[in-house]
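Trainee: Please read through the structure below; I'll follow up with questions.
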Amino acid sequence: MPAWKALSGELDPDVRTFVERLRLVIDRSGLGVVAVAERTGHDRADWDAFLHARRPVPRSAVVALSDITGADLGPLTAEWEHADRAWKQLLRERAVADAAEDRPSPEGVPERSAGPQDAPPADRTLRIRKVVPPAPTPPPAPVPAPAPAPVPAPASRKPWRATPLLYAAGIAGAALVVVAAVLLADLGGPGGSAAPPTAAPAPSATTAAPAPGPSLPEGVRCTGADCGGQDPERMGCGGPLATTVASTRIGTAFVEVRYSEVCAAAWARISGAAAGDEVSVQYGTAVQAANVPAGGDTDAYTTMIPVASGGAARACAMLDGGEDGCTGE
């Protein structure tokens, strides 16, 4: 069983009662914190904070813990409600204290009051330095707009008279019209044959954009070969995205093959084991193994191996007492 650290003596009684209930439920289930984190969909760091009263516990975590351990949800929820109210009251008190620290001082700064050693005998009153706002500056006098300049009278128009330059421009324009008509006839007008259109060049295969890969759900960071040797919890492949596709019991230990279809990878998990017990996952020539660490944990899991299907992988365990076995045997 996990060796729990002592809770702070300054905890609210309702918070202490609820955290102790969570620890008792986990102890009775025979699961370690790692297994609880993976099966409830919350990180190991979150459960460490919950079980040491460093963070309020969300209701979803309470319901998930009841589902995987079989604990009665009614009493567990009732104690959670008392603890949740205590956490909210503490957070409100902290917010009020923070607001008081950040509140600005009022206008008018009091000077230091005169003490017996330096105040005149006839006057020991507290003097306030009054802040007098500056008088508003009068707006500048409007500047008169300048008088509009007189508009000169239009000059008398001279009668239009054709010049030799205009005659030359007209003749050049007529010549351009004739040339344009001849060119249009040669390019496909009546009686002419139009040049065949030039086909647009086919796009080069090297410039084609690559097809986009499959989009992964939020939080999933690998799939297929990229998951090889990776931690399933850190890569987002565990929790609700994983299922147990094969299992067996070896002595007091429970061994499973965990498979994530989204990540196309499998790993092995062992629960109810002892320090030094080994668990491994195998697929073809690929093998990943892990040992149960010392320190109170009773479970462990391996890193992932890419698989075509979950049923193709198998999990094996070798206990420190000499017992061993695999799924599918």
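Identifiers in this document derive from the order of the structure tokens: chains are assigned A, B, ..., residues are numbered from 1 separately in each chain, and ligands are numbered from 1 in order of occurrence.
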Name all residues at most 12 Å from Arg314 of chain A (count only C-alpha atoms; drop same-chain ones fewer than 6 positions away) and give them as a short mmCIF file (atom, residue, chain, number, x, y, z; two decimals) with C-alpha atoms, in the first residue's frame.
Mentor:
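Saved the output as selection-v7.cif:
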```
data_model
loop_
_atom_site.label_atom_id
_atom_site.label_comp_id
_atom_site.auth_asym_id
_atom_site.auth_seq_id
_atom_site.Cartn_x
_atom_site.Cartn_y
_atom_site.Cartn_z
CA THR A 244 -7.81 -3.67 -22.25
CA VAL A 245 -7.72 -6.24 -25.08
CA ALA A 246 -6.14 -9.15 -23.15
CA SER A 247 -5.46 -9.92 -19.49
CA THR A 248 -4.31 -12.66 -17.13
CA VAL A 255 -1.45 -8.23 -16.14
CA GLU A 256 -3.13 -6.46 -19.10
CA VAL A 257 -2.49 -5.53 -22.73
CA ARG A 258 -3.62 -1.93 -23.17
CA TYR A 259 -4.36 -0.77 -26.74
CA ALA A 266 -0.08 -1.09 -27.32
CA TRP A 267 1.59 -1.38 -23.92
CA ALA A 268 1.50 -3.67 -20.88
CA ARG A 269 0.26 -2.84 -17.37
CA VAL A 279 6.10 -6.50 -16.89
CA SER A 280 6.70 -6.43 -20.66
CA VAL A 281 4.79 -6.07 -23.94
CA GLN A 282 5.75 -7.96 -27.10
CA TYR A 283 4.81 -7.64 -30.76
CA GLY A 284 6.95 -9.50 -33.28
CA THR A 285 10.55 -8.66 -32.41
CA ALA A 286 9.60 -5.44 -30.58
CA VAL A 287 9.70 -5.60 -26.77
CA GLN A 288 9.25 -2.92 -24.08
CA ALA A 289 9.62 -3.71 -20.35
CA ILE A 305 5.12 -0.33 -29.30
CA VAL A 307 0.93 -2.53 -33.55
CA GLY A 325 3.39 -15.99 -17.49
CA CYS A 326 1.86 -14.17 -20.45
CA THR A 327 -1.56 -13.30 -21.82
CA GLY A 328 -2.97 -15.72 -24.36
CA GLU A 329 -1.39 -18.81 -22.76
#
```
Trainee: Skip Glu323 of chain A itself and residues of its chain fewer than 4 positions away, then list as a PyMOL selection string all residues within 10 Å of it, counting only C-alpha atoms.
Mentor: chain A and resi 250-251+277+317-319
Trainee: Write out as a compact mmCIF listing (two decimals) with all heavy atoms, in the first residue's frame the residues lying within 9 Å of Ile26 of chain A, counting only C-alpha atoms and excluding same-chain residues fewer than 3 positions away.
Mentor:
```txt
# COMPACT_ATOMS: atom_id res chain seq x y z
N MET A 1 0.84 -1.19 0.00
CA MET A 1 0.00 0.00 0.00
C MET A 1 0.88 1.25 0.00
O MET A 1 1.97 1.25 0.55
CB MET A 1 -0.91 0.00 1.25
CG MET A 1 -1.84 -1.19 1.31
SD MET A 1 -2.98 -1.19 -0.09
CE MET A 1 -3.85 -2.73 0.19
N PRO A 2 0.40 2.36 -0.59
CA PRO A 2 1.19 3.59 -0.60
C PRO A 2 1.44 4.10 0.81
O PRO A 2 0.58 4.01 1.68
CB PRO A 2 0.33 4.55 -1.42
CG PRO A 2 -0.61 3.69 -2.19
CD PRO A 2 -0.84 2.48 -1.36
N ARG A 21 -10.70 9.89 3.30
CA ARG A 21 -11.63 8.93 2.66
C ARG A 21 -11.08 8.51 1.29
O ARG A 21 -11.11 7.32 0.96
CB ARG A 21 -13.00 9.59 2.48
CG ARG A 21 -13.93 8.85 1.53
CD ARG A 21 -14.51 7.60 2.12
NE ARG A 21 -15.45 7.92 3.19
CZ ARG A 21 -16.30 7.02 3.71
NH1 ARG A 21 -16.29 5.78 3.28
NH2 ARG A 21 -17.11 7.36 4.69
N LEU A 22 -10.54 9.45 0.50
CA LEU A 22 -9.96 9.10 -0.80
C LEU A 22 -8.80 8.12 -0.62
O LEU A 22 -8.68 7.14 -1.36
CB LEU A 22 -9.47 10.35 -1.52
CG LEU A 22 -10.52 11.35 -2.01
CD1 LEU A 22 -9.85 12.51 -2.72
CD2 LEU A 22 -11.52 10.68 -2.94
N ARG A 23 -7.94 8.39 0.35
CA ARG A 23 -6.80 7.48 0.58
C ARG A 23 -7.27 6.08 0.96
O ARG A 23 -6.71 5.08 0.50
CB ARG A 23 -5.91 8.06 1.68
CG ARG A 23 -5.17 9.34 1.28
CD ARG A 23 -4.32 9.85 2.42
NE ARG A 23 -3.46 10.96 2.01
CZ ARG A 23 -2.53 11.52 2.79
NH1 ARG A 23 -2.34 11.05 4.02
NH2 ARG A 23 -1.78 12.51 2.35
N SER A 29 -8.74 -0.68 -2.71
CA SER A 29 -8.83 -1.17 -4.08
C SER A 29 -7.60 -1.96 -4.50
O SER A 29 -7.65 -2.74 -5.45
CB SER A 29 -9.03 0.00 -5.05
OG SER A 29 -7.85 0.80 -5.12
N GLY A 30 -6.46 -1.75 -3.83
CA GLY A 30 -5.23 -2.42 -4.21
C GLY A 30 -4.52 -1.75 -5.39
O GLY A 30 -3.52 -2.26 -5.87
N LEU A 31 -5.03 -0.62 -5.84
CA LEU A 31 -4.43 0.09 -6.97
C LEU A 31 -3.42 1.11 -6.45
O LEU A 31 -3.54 1.62 -5.34
CB LEU A 31 -5.49 0.81 -7.79
CG LEU A 31 -6.56 -0.06 -8.45
CD1 LEU A 31 -7.61 0.83 -9.11
CD2 LEU A 31 -5.94 -0.99 -9.48
N GLY A 32 -2.44 1.43 -7.26
CA GLY A 32 -1.51 2.50 -6.96
C GLY A 32 -1.99 3.80 -7.57
O GLY A 32 -2.96 3.84 -8.33
N VAL A 33 -1.29 4.89 -7.24
CA VAL A 33 -1.68 6.20 -7.75
C VAL A 33 -1.54 6.25 -9.27
O VAL A 33 -2.33 6.89 -9.96
CB VAL A 33 -0.83 7.29 -7.08
CG1 VAL A 33 -1.20 8.66 -7.62
CG2 VAL A 33 -1.01 7.27 -5.58
N VAL A 36 -4.61 4.60 -10.77
CA VAL A 36 -5.78 5.46 -10.57
C VAL A 36 -5.75 6.63 -11.55
O VAL A 36 -6.77 6.98 -12.16
CB VAL A 36 -5.81 5.97 -9.11
CG1 VAL A 36 -6.86 7.05 -8.94
CG2 VAL A 36 -6.09 4.81 -8.16
N LEU A 65 -13.27 7.71 -9.75
CA LEU A 65 -12.66 6.84 -8.72
C LEU A 65 -13.68 5.84 -8.22
O LEU A 65 -13.35 4.67 -7.99
CB LEU A 65 -12.15 7.71 -7.57
CG LEU A 65 -11.46 6.95 -6.44
CD1 LEU A 65 -10.19 6.28 -6.94
CD2 LEU A 65 -11.14 7.89 -5.28
N THR A 69 -13.13 1.65 -8.62
CA THR A 69 -12.88 0.92 -7.37
C THR A 69 -14.12 0.24 -6.82
O THR A 69 -14.02 -0.62 -5.96
CB THR A 69 -12.35 1.88 -6.30
OG1 THR A 69 -13.32 2.92 -6.05
CG2 THR A 69 -11.04 2.52 -6.75
```
Trainee: Please provide the set of residues having any atom within 7 Å of Thr298 of chain A, restricted to only C-alpha atoms, with same-chain residues fewer than 6 positions apart removed, written as a list in words.
Mentor: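 Counting only C-alpha atoms, the residues come to Leu31, Gly32, Ser271, Gly272, Ala273, Ala274 and Val292 of chain A.
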Trainee: Excluding Ser66 of chain A and any residue of its chain fewer than 4 positions from it, enumerate the residues within 10 Å of it, using only C-alpha atoms, and give them as a PyMOL selection string.
Mentor: chain A and resi 22+25-26+40+60-62+70-74+76-77
Trainee: I'd like the interatomic distance between atom CA of Val57 of chain A and atom CA of Lys5 of chain A, to a tenth of an Å.
Mentor: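 We find that atom CA of Val57 of chain A and atom CA of Lys5 of chain A lie 17.8 Å from each other.
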Trainee: Find the residue from A:Val63, A:Phe18, A:Asp12, A:Ala225 that sits nearest to Lys88 of chain A; use only C-alpha atoms when measuring.
Mentor: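 Using only C-alpha atoms, the shortest distance to Lys88 of chain A belongs to A:Asp12.
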Trainee: What is the atom CA of Ser309 of chain A-atom CA of Ser260 of chain A distance in Å, reported with one decimal?
Mentor: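 Separation between atom CA of Ser309 of chain A and atom CA of Ser260 of chain A: 9.1 Å.
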Trainee: In Å to one decimal, how far is atom CA of Glu233 of chain A from atom CA of Arg44 of chain A?
Mentor: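 A separation of 9.2 Å between them.
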Trainee: Skip His42 of chain A itself and residues of its chain fewer than 5 positions away, then list as an mmCIF file with C-alpha atoms, in the first residue's frame all residues within 8 Å of it, counting only C-alpha atoms.
Mentor:
```cif
data_model
loop_
_atom_site.group_PDB
_atom_site.id
_atom_site.type_symbol
_atom_site.label_atom_id
_atom_site.label_comp_id
_atom_site.auth_asym_id
_atom_site.auth_seq_id
_atom_site.Cartn_x
_atom_site.Cartn_y
_atom_site.Cartn_z
ATOM 1 C CA ALA A 37 -4.463 8.357 -12.669
ATOM 2 C CA TRP A 47 -3.853 12.915 -7.972
ATOM 3 C CA ALA A 61 -12.474 12.678 -10.446
ATOM 4 C CA GLY A 239 -7.375 7.117 -20.246
#
```
